[in-house]
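Input: a single structure, listed below in structure tokens.
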Amino acid sequence: MSRAAAAAERQLREAYERLRRYFIVALQAGVAAGLSWYVANTLLHNPQPLFAPAAAVGTIAAAIGNRVRRTAELLAGVIVGVLIGDLIIQVIGNGPVQTGLVVALAISAAVAFRGSGAVMVQAGSTAVLLGTVEPNAPDLAVPRTANALVGGGVAVVVALLLLPLNPVRVVHRAAGPTLDLFADQLTRTAQALAAGDGGQADAALERLRAAEAERRQTTEIVAAAAEVASLSPWRRRSRSQLRRYQHAAGHLELAFTNSRNMVRRAVALLDTREPVPPELPAAIETFGQSLRLLHRDFLAGRDPAIARTRALHAADEARRARARGLGFSGLIVASQLFIVVNELLQASGLSKPEADRLTGC
């Protein structure tokens, strides 16, 4: 019962953190939907305004980190669908066979012009709409295009001018729990190695695998924050700090991937009962501490010198473990540790040659 309660508490906490992270997106989507409906229906007197709020919501929610590109893709897809669909329907009429042909041609045209998945979806859905309307129904090509323009344009205005997210605050909220989870599982792995507990190490590995979706969400949030800092006149003061986060995010992604591989080899090490010098779990635990320190330094706007020192101490511990004698999997764990320390040093602002020199890579 206590284990189930702890799991339920963790899920509630994670749900709360996700809501804090994405509530601004939900608010933006709601405002953009209402405004785009008003513009399309009241100001433009569009008889079919439904696609405008749908386009606004799609722009806000489906491309959190690149709203401008998403709007361009949406418009490109609609235009391709309109051009192909209207031309073919005028020649061969409408019906199930004609609809299938129009959709195939519209998506093929989008592919030929190297359109993304979003362009193909919009081209295909527009072609479906045009292919299934009655011959005597009002022309939907122009309203559909106008709605796409209204929805996408309103979404960009809401996201960048009316309700721009606070880039630094949002990134802090997104990166903090992800890095804490990352560091916590490294701590659990270190404890598992020290105790010889293969089950605990395997549980840490599974948690890191499950956290992949959260890591991707954090990357999306950082991209969205950088877009707002670059394009919103109200958030431009955050540019320099966001650039630091963007630089760090790429290296921390690599550190996450390599740490997961390191934990996988730690599981294998315990399964094969290889020697575990005490310096090896100490190195992994120390690296986890350096991750937490890096995030705190970023929050405070400090140079992450303490995090670098702790990461280099982790590398020293790994060298001592290697000198004491490691098996095959243990040597891989130590090698992966050098790699993740190197990535953290680069995330902290050091150049690759300097990080290589300090870690001996």
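Ligands are numbered from 1 in the order shown, residues from 1 within each chain, and chains are lettered A, B, ... in the order they appear in the structure tokens.
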Please provide as a PyMOL selection string all residues within 6 Å of stretch 324-337 of chain A, with the sequence filter that same-chain residues fewer than 4 positions apart are discarded (counting only C-alpha atoms).
chain A and resi 262+265+269+274+318
Would you pick out the contacts of A:Gly301 at 12 Å or less, using only C-alpha atoms, so that residues sharing its chain but fewer than 6 positions from it are not included, and give the list as a PDB file with all heavy atoms, in the first residue's frame?
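Result file follows (part_8.pdb):
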ATOM      1  N   VAL A 168      12.258  32.962 -19.149  1.00  0.00           N
ATOM      2  CA  VAL A 168      13.150  32.453 -18.091  1.00  0.00           C
ATOM      3  C   VAL A 168      12.366  31.635 -17.071  1.00  0.00           C
ATOM      4  O   VAL A 168      12.774  30.537 -16.678  1.00  0.00           O
ATOM      5  CB  VAL A 168      13.880  33.624 -17.417  1.00  0.00           C
ATOM      6  CG1 VAL A 168      14.717  33.126 -16.238  1.00  0.00           C
ATOM      7  CG2 VAL A 168      14.775  34.341 -18.423  1.00  0.00           C
ATOM      8  N   HIS A 172      12.868  27.646 -16.320  1.00  0.00           N
ATOM      9  CA  HIS A 172      13.214  27.193 -14.971  1.00  0.00           C
ATOM     10  C   HIS A 172      12.256  26.091 -14.507  1.00  0.00           C
ATOM     11  O   HIS A 172      12.673  25.074 -13.951  1.00  0.00           O
ATOM     12  CB  HIS A 172      13.150  28.362 -13.992  1.00  0.00           C
ATOM     13  CG  HIS A 172      14.270  29.336 -14.158  1.00  0.00           C
ATOM     14  ND1 HIS A 172      14.315  30.552 -13.507  1.00  0.00           N
ATOM     15  CD2 HIS A 172      15.404  29.291 -14.920  1.00  0.00           C
ATOM     16  CE1 HIS A 172      15.419  31.200 -13.851  1.00  0.00           C
ATOM     17  NE2 HIS A 172      16.084  30.463 -14.708  1.00  0.00           N
ATOM     18  N   SER A 238      15.434  38.894 -22.136  1.00  0.00           N
ATOM     19  CA  SER A 238      15.782  37.525 -21.725  1.00  0.00           C
ATOM     20  C   SER A 238      16.681  36.814 -22.726  1.00  0.00           C
ATOM     21  O   SER A 238      17.038  35.658 -22.508  1.00  0.00           O
ATOM     22  CB  SER A 238      14.496  36.702 -21.545  1.00  0.00           C
ATOM     23  OG  SER A 238      13.598  37.330 -20.674  1.00  0.00           O
ATOM     24  N   SER A 240      19.893  36.909 -23.724  1.00  0.00           N
ATOM     25  CA  SER A 240      21.211  36.375 -23.362  1.00  0.00           C
ATOM     26  C   SER A 240      21.091  35.168 -22.451  1.00  0.00           C
ATOM     27  O   SER A 240      21.802  34.169 -22.625  1.00  0.00           O
ATOM     28  CB  SER A 240      22.052  37.460 -22.686  1.00  0.00           C
ATOM     29  OG  SER A 240      21.408  37.937 -21.514  1.00  0.00           O
ATOM     30  N   GLN A 241      20.165  35.218 -21.481  1.00  0.00           N
ATOM     31  CA  GLN A 241      19.995  34.090 -20.579  1.00  0.00           C
ATOM     32  C   GLN A 241      19.438  32.879 -21.317  1.00  0.00           C
ATOM     33  O   GLN A 241      19.837  31.739 -21.057  1.00  0.00           O
ATOM     34  CB  GLN A 241      19.071  34.478 -19.419  1.00  0.00           C
ATOM     35  CG  GLN A 241      19.161  33.524 -18.237  1.00  0.00           C
ATOM     36  CD  GLN A 241      18.539  34.114 -16.993  1.00  0.00           C
ATOM     37  OE1 GLN A 241      18.111  35.272 -16.988  1.00  0.00           O
ATOM     38  NE2 GLN A 241      18.488  33.343 -15.925  1.00  0.00           N
ATOM     39  N   LEU A 242      18.537  33.130 -22.274  1.00  0.00           N
ATOM     40  CA  LEU A 242      17.971  32.011 -23.038  1.00  0.00           C
ATOM     41  C   LEU A 242      19.014  31.373 -23.943  1.00  0.00           C
ATOM     42  O   LEU A 242      18.986  30.162 -24.184  1.00  0.00           O
ATOM     43  CB  LEU A 242      16.766  32.478 -23.845  1.00  0.00           C
ATOM     44  CG  LEU A 242      15.398  32.196 -23.225  1.00  0.00           C
ATOM     45  CD1 LEU A 242      15.163  30.692 -23.131  1.00  0.00           C
ATOM     46  CD2 LEU A 242      15.258  32.829 -21.851  1.00  0.00           C
ATOM     47  N   ARG A 244      22.086  31.005 -23.201  1.00  0.00           N
ATOM     48  CA  ARG A 244      22.840  30.087 -22.323  1.00  0.00           C
ATOM     49  C   ARG A 244      22.088  28.772 -22.156  1.00  0.00           C
ATOM     50  O   ARG A 244      22.671  27.695 -22.214  1.00  0.00           O
ATOM     51  CB  ARG A 244      23.061  30.732 -20.951  1.00  0.00           C
ATOM     52  CG  ARG A 244      24.026  31.898 -20.937  1.00  0.00           C
ATOM     53  CD  ARG A 244      24.129  32.477 -19.539  1.00  0.00           C
ATOM     54  NE  ARG A 244      24.696  31.536 -18.588  1.00  0.00           N
ATOM     55  CZ  ARG A 244      24.537  31.620 -17.275  1.00  0.00           C
ATOM     56  NH1 ARG A 244      23.792  32.573 -16.752  1.00  0.00           N
ATOM     57  NH2 ARG A 244      25.089  30.725 -16.485  1.00  0.00           N
ATOM     58  N   TYR A 245      20.770  28.867 -21.943  1.00  0.00           N
ATOM     59  CA  TYR A 245      19.974  27.655 -21.772  1.00  0.00           C
ATOM     60  C   TYR A 245      19.953  26.821 -23.044  1.00  0.00           C
ATOM     61  O   TYR A 245      20.049  25.596 -23.000  1.00  0.00           O
ATOM     62  CB  TYR A 245      18.541  28.018 -21.359  1.00  0.00           C
ATOM     63  CG  TYR A 245      18.301  27.952 -19.879  1.00  0.00           C
ATOM     64  CD1 TYR A 245      18.122  29.099 -19.132  1.00  0.00           C
ATOM     65  CD2 TYR A 245      18.252  26.726 -19.231  1.00  0.00           C
ATOM     66  CE1 TYR A 245      17.904  29.034 -17.761  1.00  0.00           C
ATOM     67  CE2 TYR A 245      18.029  26.653 -17.871  1.00  0.00           C
ATOM     68  CZ  TYR A 245      17.860  27.810 -17.136  1.00  0.00           C
ATOM     69  OH  TYR A 245      17.649  27.736 -15.789  1.00  0.00           O
ATOM     70  N   LEU A 294      24.586  22.841 -11.372  1.00  0.00           N
ATOM     71  CA  LEU A 294      24.553  23.585 -12.633  1.00  0.00           C
ATOM     72  C   LEU A 294      23.234  24.329 -12.773  1.00  0.00           C
ATOM     73  O   LEU A 294      23.205  25.508 -13.148  1.00  0.00           O
ATOM     74  CB  LEU A 294      24.762  22.628 -13.804  1.00  0.00           C
ATOM     75  CG  LEU A 294      24.761  23.270 -15.197  1.00  0.00           C
ATOM     76  CD1 LEU A 294      25.993  24.155 -15.372  1.00  0.00           C
ATOM     77  CD2 LEU A 294      24.708  22.212 -16.288  1.00  0.00           C
ATOM     78  N   HIS A 295      22.128  23.649 -12.474  1.00  0.00           N
ATOM     79  CA  HIS A 295      20.826  24.295 -12.594  1.00  0.00           C
ATOM     80  C   HIS A 295      20.689  25.435 -11.588  1.00  0.00           C
ATOM     81  O   HIS A 295      20.162  26.510 -11.917  1.00  0.00           O
ATOM     82  CB  HIS A 295      19.714  23.276 -12.380  1.00  0.00           C
ATOM     83  CG  HIS A 295      18.352  23.841 -12.628  1.00  0.00           C
ATOM     84  ND1 HIS A 295      17.388  23.912 -11.647  1.00  0.00           N
ATOM     85  CD2 HIS A 295      17.796  24.406 -13.732  1.00  0.00           C
ATOM     86  CE1 HIS A 295      16.298  24.469 -12.148  1.00  0.00           C
ATOM     87  NE2 HIS A 295      16.516  24.782 -13.391  1.00  0.00           N
ATOM     88  N   SER A 348      28.207  24.075 -19.305  1.00  0.00           N
ATOM     89  CA  SER A 348      28.494  25.170 -18.367  1.00  0.00           C
ATOM     90  C   SER A 348      29.156  26.360 -19.046  1.00  0.00           C
ATOM     91  O   SER A 348      29.351  27.400 -18.411  1.00  0.00           O
ATOM     92  CB  SER A 348      29.390  24.664 -17.237  1.00  0.00           C
ATOM     93  OG  SER A 348      30.719  24.474 -17.691  1.00  0.00           O
TER      94      SER A 348
END
Write out as a PyMOL selection string which residues come within 8 Å of A:Leu179 when counting only C-alpha atoms, dropping same-chain ones fewer than 4 positions away.
chain A and resi 175+183+291-292+295
Any idea what the distance is between atom CA of A:Arg319 and atom CA of A:Ala283?
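We find that atom CA of A:Arg319 and atom CA of A:Ala283 lie 9.1 Å from each other.
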Report as number ranges by chain: the residues of stretch 155-336 of chain A with a DSSP assignment of alpha helix (DSSP H), based on the backbone of this structure.
A: 155-157, 167-195, 198-210, 212-231, 239-271, 279-300, 305-324, 328-336
Go through A:Gln28, A:Glu14, A:Ala112, A:Gly152 one by one, measure the shortest atom-to-atom distance of each to A:Ala211 using only C-alpha atoms, and give the residue with the smallest value.
A:Glu14
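Checking A:Gly349, A:Ala190, A:Val82, A:Phe51 one by one against A:Ala305, counting only C-alpha atoms, you find the shortest gap at A:Gly349.
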Taking only C-alpha atoms into account, which of A:Leu165, A:Ala195, A:Ala148, A:Ala248 comes nearest A:Phe23?
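Distance minimum relative to A:Phe23 lands on A:Leu165.
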With distances taken over only C-alpha atoms, which residue among A:Val103, A:Ala15, A:Ala268, A:Ala315 lies nearest A:Pro177?
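When distances to A:Pro177 are compared using only C-alpha atoms, the smallest one comes from A:Ala15.
Considering the residues A:Leu181, A:Val80, A:Ile221, A:Val91 and counting only C-alpha atoms, A:Ala110 has its shortest atom-to-atom contact with A:Val80.
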At a cut-off of 12 Å, using only C-alpha atoms, what residues contact A:Arg310? Leave out same-chain residues fewer than 5 positions from it and give the result as a ChimeraX atom specification.
/A:282-294,304-305,315-317,341,344-345
Let's have the selection written as a PDB file, in the first residue's frame, with N, CA and C atoms.
ATOM      1  N   ALA A 282      30.686   6.463  -6.057  1.00  0.00           N
ATOM      2  CA  ALA A 282      30.922   7.836  -5.603  1.00  0.00           C
ATOM      3  C   ALA A 282      31.018   8.790  -6.791  1.00  0.00           C
ATOM      4  N   ALA A 283      31.636   8.325  -7.883  1.00  0.00           N
ATOM      5  CA  ALA A 283      31.763   9.163  -9.085  1.00  0.00           C
ATOM      6  C   ALA A 283      30.393   9.463  -9.679  1.00  0.00           C
ATOM      7  N   ILE A 284      29.526   8.462  -9.746  1.00  0.00           N
ATOM      8  CA  ILE A 284      28.191   8.655 -10.317  1.00  0.00           C
ATOM      9  C   ILE A 284      27.367   9.596  -9.442  1.00  0.00           C
ATOM     10  N   GLU A 285      27.444   9.413  -8.123  1.00  0.00           N
ATOM     11  CA  GLU A 285      26.724  10.286  -7.201  1.00  0.00           C
ATOM     12  C   GLU A 285      27.222  11.730  -7.316  1.00  0.00           C
ATOM     13  N   THR A 286      28.524  11.903  -7.430  1.00  0.00           N
ATOM     14  CA  THR A 286      29.093  13.249  -7.532  1.00  0.00           C
ATOM     15  C   THR A 286      28.673  13.926  -8.833  1.00  0.00           C
ATOM     16  N   PHE A 287      28.601  13.154  -9.913  1.00  0.00           N
ATOM     17  CA  PHE A 287      28.138  13.749 -11.163  1.00  0.00           C
ATOM     18  C   PHE A 287      26.682  14.210 -11.038  1.00  0.00           C
ATOM     19  N   GLY A 288      25.843  13.422 -10.384  1.00  0.00           N
ATOM     20  CA  GLY A 288      24.460  13.839 -10.150  1.00  0.00           C
ATOM     21  C   GLY A 288      24.395  15.149  -9.367  1.00  0.00           C
ATOM     22  N   GLN A 289      25.284  15.296  -8.379  1.00  0.00           N
ATOM     23  CA  GLN A 289      25.329  16.553  -7.626  1.00  0.00           C
ATOM     24  C   GLN A 289      25.708  17.723  -8.530  1.00  0.00           C
ATOM     25  N   SER A 290      26.636  17.494  -9.458  1.00  0.00           N
ATOM     26  CA  SER A 290      27.062  18.573 -10.347  1.00  0.00           C
ATOM     27  C   SER A 290      25.907  19.039 -11.246  1.00  0.00           C
ATOM     28  N   LEU A 291      25.017  18.114 -11.623  1.00  0.00           N
ATOM     29  CA  LEU A 291      23.835  18.503 -12.409  1.00  0.00           C
ATOM     30  C   LEU A 291      22.947  19.456 -11.621  1.00  0.00           C
ATOM     31  N   ARG A 292      22.691  19.118 -10.365  1.00  0.00           N
ATOM     32  CA  ARG A 292      21.851  19.986  -9.537  1.00  0.00           C
ATOM     33  C   ARG A 292      22.502  21.360  -9.357  1.00  0.00           C
ATOM     34  N   LEU A 293      23.803  21.370  -9.149  1.00  0.00           N
ATOM     35  CA  LEU A 293      24.510  22.629  -8.953  1.00  0.00           C
ATOM     36  C   LEU A 293      24.486  23.487 -10.215  1.00  0.00           C
ATOM     37  N   LEU A 294      24.586  22.841 -11.372  1.00  0.00           N
ATOM     38  CA  LEU A 294      24.553  23.585 -12.633  1.00  0.00           C
ATOM     39  C   LEU A 294      23.234  24.329 -12.773  1.00  0.00           C
ATOM     40  N   PRO A 304      28.895  28.886 -13.428  1.00  0.00           N
ATOM     41  CA  PRO A 304      28.775  27.571 -12.765  1.00  0.00           C
ATOM     42  C   PRO A 304      30.124  26.950 -12.420  1.00  0.00           C
ATOM     43  N   ALA A 305      30.983  27.694 -11.735  1.00  0.00           N
ATOM     44  CA  ALA A 305      32.315  27.182 -11.397  1.00  0.00           C
ATOM     45  C   ALA A 305      32.232  26.004 -10.418  1.00  0.00           C
ATOM     46  N   ALA A 315      34.999  12.875 -12.377  1.00  0.00           N
ATOM     47  CA  ALA A 315      35.933  12.260 -13.324  1.00  0.00           C
ATOM     48  C   ALA A 315      37.150  11.704 -12.589  1.00  0.00           C
ATOM     49  N   ASP A 316      37.661  12.428 -11.573  1.00  0.00           N
ATOM     50  CA  ASP A 316      38.800  11.930 -10.783  1.00  0.00           C
ATOM     51  C   ASP A 316      38.438  10.638 -10.057  1.00  0.00           C
ATOM     52  N   GLU A 317      37.238  10.590  -9.510  1.00  0.00           N
ATOM     53  CA  GLU A 317      36.780   9.367  -8.825  1.00  0.00           C
ATOM     54  C   GLU A 317      36.722   8.194  -9.810  1.00  0.00           C
ATOM     55  N   VAL A 341      30.635  13.929 -18.126  1.00  0.00           N
ATOM     56  CA  VAL A 341      31.309  15.058 -17.480  1.00  0.00           C
ATOM     57  C   VAL A 341      31.738  16.077 -18.539  1.00  0.00           C
ATOM     58  N   LEU A 344      28.754  18.049 -19.617  1.00  0.00           N
ATOM     59  CA  LEU A 344      28.333  19.027 -18.608  1.00  0.00           C
ATOM     60  C   LEU A 344      29.270  20.239 -18.612  1.00  0.00           C
ATOM     61  N   LEU A 345      30.570  20.000 -18.773  1.00  0.00           N
ATOM     62  CA  LEU A 345      31.510  21.122 -18.824  1.00  0.00           C
ATOM     63  C   LEU A 345      31.198  22.039 -20.002  1.00  0.00           C
TER      64      LEU A 345
END
Near-A:Thr257 list (10 Å; only C-alpha atoms; drop same-chain fewer than 2 positions) as a PyMOL selection string
chain A and resi 208-209+212+252-255+259-262+340
Those residues you just picked out, can you put them in a file as a JSON list (two decimals), in the first residue's frame with all heavy atoms?
[["chain", "number", "residue", "atom", "x", "y", "z"],
["A", 208, "LEU", "N", 14.62, 6.33, -16.10],
["A", 208, "LEU", "CA", 15.27, 7.19, -17.08],
["A", 208, "LEU", "C", 14.67, 6.98, -18.47],
["A", 208, "LEU", "O", 14.52, 7.95, -19.24],
["A", 208, "LEU", "CB", 16.77, 6.90, -17.11],
["A", 208, "LEU", "CG", 17.59, 7.47, -15.95],
["A", 208, "LEU", "CD1", 19.03, 6.99, -16.02],
["A", 208, "LEU", "CD2", 17.55, 8.99, -15.95],
["A", 209, "ARG", "N", 14.34, 5.74, -18.81],
["A", 209, "ARG", "CA", 13.69, 5.49, -20.11],
["A", 209, "ARG", "C", 12.34, 6.18, -20.16],
["A", 209, "ARG", "O", 11.98, 6.79, -21.17],
["A", 209, "ARG", "CB", 13.53, 3.99, -20.31],
["A", 209, "ARG", "CG", 14.82, 3.26, -20.67],
["A", 209, "ARG", "CD", 14.62, 1.77, -20.65],
["A", 209, "ARG", "NE", 15.79, 1.05, -21.11],
["A", 209, "ARG", "CZ", 16.01, -0.25, -20.88],
["A", 209, "ARG", "NH1", 15.12, -0.96, -20.19],
["A", 209, "ARG", "NH2", 17.11, -0.83, -21.33],
["A", 212, "GLU", "N", 12.12, 9.99, -21.00],
["A", 212, "GLU", "CA", 12.48, 10.49, -22.31],
["A", 212, "GLU", "C", 11.45, 11.50, -22.82],
["A", 212, "GLU", "O", 11.80, 12.54, -23.41],
["A", 212, "GLU", "CB", 12.60, 9.32, -23.29],
["A", 212, "GLU", "CG", 12.96, 9.70, -24.70],
["A", 212, "GLU", "CD", 14.34, 10.31, -24.82],
["A", 212, "GLU", "OE1", 15.18, 10.06, -23.94],
["A", 212, "GLU", "OE2", 14.58, 11.05, -25.79],
["A", 252, "LEU", "N", 23.21, 18.87, -22.53],
["A", 252, "LEU", "CA", 22.54, 18.08, -21.50],
["A", 252, "LEU", "C", 21.72, 16.94, -22.10],
["A", 252, "LEU", "O", 21.55, 15.89, -21.48],
["A", 252, "LEU", "CB", 21.67, 18.97, -20.62],
["A", 252, "LEU", "CG", 22.44, 19.94, -19.71],
["A", 252, "LEU", "CD1", 21.49, 20.85, -18.96],
["A", 252, "LEU", "CD2", 23.31, 19.16, -18.72],
["A", 253, "GLU", "N", 21.20, 17.14, -23.31],
["A", 253, "GLU", "CA", 20.52, 16.04, -23.99],
["A", 253, "GLU", "C", 21.49, 14.89, -24.23],
["A", 253, "GLU", "O", 21.16, 13.71, -24.01],
["A", 253, "GLU", "CB", 19.95, 16.52, -25.33],
["A", 253, "GLU", "CG", 18.65, 17.27, -25.22],
["A", 253, "GLU", "CD", 18.02, 17.50, -26.58],
["A", 253, "GLU", "OE1", 18.05, 16.57, -27.41],
["A", 253, "GLU", "OE2", 17.50, 18.60, -26.80],
["A", 254, "LEU", "N", 22.69, 15.21, -24.70],
["A", 254, "LEU", "CA", 23.70, 14.17, -24.92],
["A", 254, "LEU", "C", 24.11, 13.54, -23.59],
["A", 254, "LEU", "O", 24.33, 12.32, -23.52],
["A", 254, "LEU", "CB", 24.92, 14.77, -25.63],
["A", 254, "LEU", "CG", 24.68, 15.26, -27.06],
["A", 254, "LEU", "CD1", 25.90, 15.98, -27.59],
["A", 254, "LEU", "CD2", 24.33, 14.08, -27.97],
["A", 255, "ALA", "N", 24.21, 14.36, -22.55],
["A", 255, "ALA", "CA", 24.55, 13.81, -21.24],
["A", 255, "ALA", "C", 23.47, 12.86, -20.74],
["A", 255, "ALA", "O", 23.77, 11.81, -20.16],
["A", 255, "ALA", "CB", 24.75, 14.96, -20.24],
["A", 259, "SER", "N", 24.16, 9.04, -20.04],
["A", 259, "SER", "CA", 23.93, 8.58, -18.66],
["A", 259, "SER", "C", 23.01, 7.37, -18.64],
["A", 259, "SER", "O", 23.21, 6.44, -17.83],
["A", 259, "SER", "CB", 23.32, 9.71, -17.83],
["A", 259, "SER", "OG", 24.25, 10.74, -17.64],
["A", 260, "ARG", "N", 22.02, 7.37, -19.51],
["A", 260, "ARG", "CA", 21.13, 6.21, -19.58],
["A", 260, "ARG", "C", 21.92, 4.97, -20.02],
["A", 260, "ARG", "O", 21.73, 3.88, -19.47],
["A", 260, "ARG", "CB", 20.00, 6.50, -20.56],
["A", 260, "ARG", "CG", 18.84, 5.51, -20.50],
["A", 260, "ARG", "CD", 17.71, 5.98, -21.38],
["A", 260, "ARG", "NE", 18.16, 6.20, -22.74],
["A", 260, "ARG", "CZ", 17.50, 6.93, -23.63],
["A", 260, "ARG", "NH1", 16.38, 7.53, -23.29],
["A", 260, "ARG", "NH2", 17.94, 7.06, -24.87],
["A", 261, "ASN", "N", 22.83, 5.16, -20.98],
["A", 261, "ASN", "CA", 23.68, 4.04, -21.38],
["A", 261, "ASN", "C", 24.59, 3.61, -20.24],
["A", 261, "ASN", "O", 24.85, 2.40, -20.06],
["A", 261, "ASN", "CB", 24.53, 4.45, -22.59],
["A", 261, "ASN", "CG", 23.69, 4.70, -23.83],
["A", 261, "ASN", "OD1", 22.59, 4.16, -23.96],
["A", 261, "ASN", "ND2", 24.19, 5.52, -24.75],
["A", 262, "MET", "N", 25.06, 4.57, -19.46],
["A", 262, "MET", "CA", 25.92, 4.26, -18.32],
["A", 262, "MET", "C", 25.15, 3.43, -17.28],
["A", 262, "MET", "O", 25.68, 2.45, -16.74],
["A", 262, "MET", "CB", 26.42, 5.55, -17.69],
["A", 262, "MET", "CG", 27.31, 5.37, -16.47],
["A", 262, "MET", "SD", 27.97, 6.96, -15.89],
["A", 262, "MET", "CE", 26.48, 7.80, -15.34],
["A", 340, "VAL", "N", 29.95, 12.08, -20.07],
["A", 340, "VAL", "CA", 28.89, 12.96, -19.54],
["A", 340, "VAL", "C", 29.49, 14.14, -18.78],
["A", 340, "VAL", "O", 28.93, 15.25, -18.80],
["A", 340, "VAL", "CB", 27.89, 12.18, -18.65],
["A", 340, "VAL", "CG1", 27.15, 11.15, -19.48],
["A", 340, "VAL", "CG2", 28.56, 11.53, -17.46]]
Would you write out, as CSV, a table of all residues in stretch 209-233 of chain A that have an atom no more than 12 Å from an atom of stretch 153-156 of chain A, listing for each the closest atom pair and the distance in Å to one decimal, considering only C-alpha atoms and ordering rows by chain and rising residue number?
residue,atom,partner,partner_atom,distance
A:Glu227,CA,A:Val156,CA,11.0
A:Val228,CA,A:Val156,CA,10.2
A:Leu231,CA,A:Val156,CA,10.1
A:Ser232,CA,A:Val156,CA,10.0
Atom pair atom CA of A:Phe256 + atom CA of A:Gly176, distance 14.1 Å
Surrounding residues of A:Val157 excluding itself and chain neighbours under 4 positions, 12 Å, only C-alpha atoms, as a ChimeraX atom specification
/A:28-29,31-33,35-36,56,59-60,67-68,71,150-153,161-164,228,231-233
Just-selected residues, N, CA and C atoms written as an mmCIF file, in the first residue's frame:
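The result, written out as again-v4.cif:
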data_model
loop_
_atom_site.group_PDB
_atom_site.id
_atom_site.type_symbol
_atom_site.label_atom_id
_atom_site.label_comp_id
_atom_site.auth_asym_id
_atom_site.auth_seq_id
_atom_site.Cartn_x
_atom_site.Cartn_y
_atom_site.Cartn_z
ATOM 1 N N GLN A 28 -3.185 30.586 -23.923
ATOM 2 C CA GLN A 28 -2.958 31.176 -25.244
ATOM 3 C C GLN A 28 -3.903 30.582 -26.281
ATOM 4 N N ALA A 29 -4.064 29.253 -26.246
ATOM 5 C CA ALA A 29 -4.932 28.583 -27.220
ATOM 6 C C ALA A 29 -6.381 29.052 -27.080
ATOM 7 N N VAL A 31 -7.523 31.949 -25.817
ATOM 8 C CA VAL A 31 -7.649 33.337 -26.270
ATOM 9 C C VAL A 31 -7.555 33.412 -27.794
ATOM 10 N N ALA A 32 -6.613 32.680 -28.381
ATOM 11 C CA ALA A 32 -6.450 32.701 -29.843
ATOM 12 C C ALA A 32 -7.677 32.148 -30.546
ATOM 13 N N ALA A 33 -8.282 31.087 -29.996
ATOM 14 C CA ALA A 33 -9.483 30.517 -30.604
ATOM 15 C C ALA A 33 -10.636 31.524 -30.599
ATOM 16 N N LEU A 35 -10.488 34.855 -30.302
ATOM 17 C CA LEU A 35 -10.207 36.018 -31.147
ATOM 18 C C LEU A 35 -10.309 35.690 -32.626
ATOM 19 N N SER A 36 -9.805 34.530 -33.027
ATOM 20 C CA SER A 36 -9.853 34.175 -34.448
ATOM 21 C C SER A 36 -11.290 33.953 -34.911
ATOM 22 N N ALA A 56 -5.892 28.327 -35.294
ATOM 23 C CA ALA A 56 -5.220 29.022 -34.191
ATOM 24 C C ALA A 56 -4.763 28.041 -33.119
ATOM 25 N N THR A 59 -1.850 25.943 -34.365
ATOM 26 C CA THR A 59 -0.596 26.696 -34.372
ATOM 27 C C THR A 59 -0.028 26.833 -32.965
ATOM 28 N N ILE A 60 -0.890 27.109 -31.998
ATOM 29 C CA ILE A 60 -0.431 27.292 -30.616
ATOM 30 C C ILE A 60 0.056 25.982 -30.011
ATOM 31 N N ARG A 67 6.123 28.781 -33.658
ATOM 32 C CA ARG A 67 4.782 29.180 -34.094
ATOM 33 C C ARG A 67 4.815 29.833 -35.471
ATOM 34 N N VAL A 68 5.835 30.637 -35.754
ATOM 35 C CA VAL A 68 5.897 31.325 -37.042
ATOM 36 C C VAL A 68 6.018 30.315 -38.182
ATOM 37 N N THR A 71 2.728 28.489 -38.702
ATOM 38 C CA THR A 71 1.749 29.283 -39.449
ATOM 39 C C THR A 71 2.042 29.238 -40.946
ATOM 40 N N VAL A 150 -6.208 33.937 -40.869
ATOM 41 C CA VAL A 150 -6.690 34.546 -39.628
ATOM 42 C C VAL A 150 -6.241 33.738 -38.415
ATOM 43 N N GLY A 151 -6.464 32.411 -38.456
ATOM 44 C CA GLY A 151 -6.110 31.569 -37.311
ATOM 45 C C GLY A 151 -4.624 31.601 -36.999
ATOM 46 N N GLY A 152 -3.811 31.421 -38.048
ATOM 47 C CA GLY A 152 -2.366 31.434 -37.824
ATOM 48 C C GLY A 152 -1.870 32.795 -37.381
ATOM 49 N N GLY A 153 -2.385 33.855 -38.016
ATOM 50 C CA GLY A 153 -1.944 35.208 -37.654
ATOM 51 C C GLY A 153 -2.331 35.573 -36.231
ATOM 52 N N LEU A 161 2.688 38.721 -28.616
ATOM 53 C CA LEU A 161 2.386 40.092 -28.210
ATOM 54 C C LEU A 161 1.402 40.176 -27.046
ATOM 55 N N LEU A 162 0.278 39.465 -27.141
ATOM 56 C CA LEU A 162 -0.761 39.618 -26.119
ATOM 57 C C LEU A 162 -0.469 38.826 -24.850
ATOM 58 N N LEU A 163 -0.102 37.558 -25.013
ATOM 59 C CA LEU A 163 0.156 36.701 -23.843
ATOM 60 C C LEU A 163 1.481 35.951 -24.001
ATOM 61 N N PRO A 164 2.579 36.654 -24.194
ATOM 62 C CA PRO A 164 3.847 35.924 -24.343
ATOM 63 C C PRO A 164 4.254 35.298 -23.014
ATOM 64 N N VAL A 228 10.165 33.234 -28.248
ATOM 65 C CA VAL A 228 9.516 34.400 -27.657
ATOM 66 C C VAL A 228 10.546 35.481 -27.339
ATOM 67 N N LEU A 231 11.499 37.179 -30.677
ATOM 68 C CA LEU A 231 10.508 37.872 -31.502
ATOM 69 C C LEU A 231 9.567 38.791 -30.732
ATOM 70 N N SER A 232 9.376 38.533 -29.450
ATOM 71 C CA SER A 232 8.450 39.370 -28.691
ATOM 72 C C SER A 232 9.171 40.628 -28.187
ATOM 73 N N PRO A 233 8.627 41.819 -28.476
ATOM 74 C CA PRO A 233 9.294 43.040 -27.986
ATOM 75 C C PRO A 233 9.278 43.158 -26.468
#
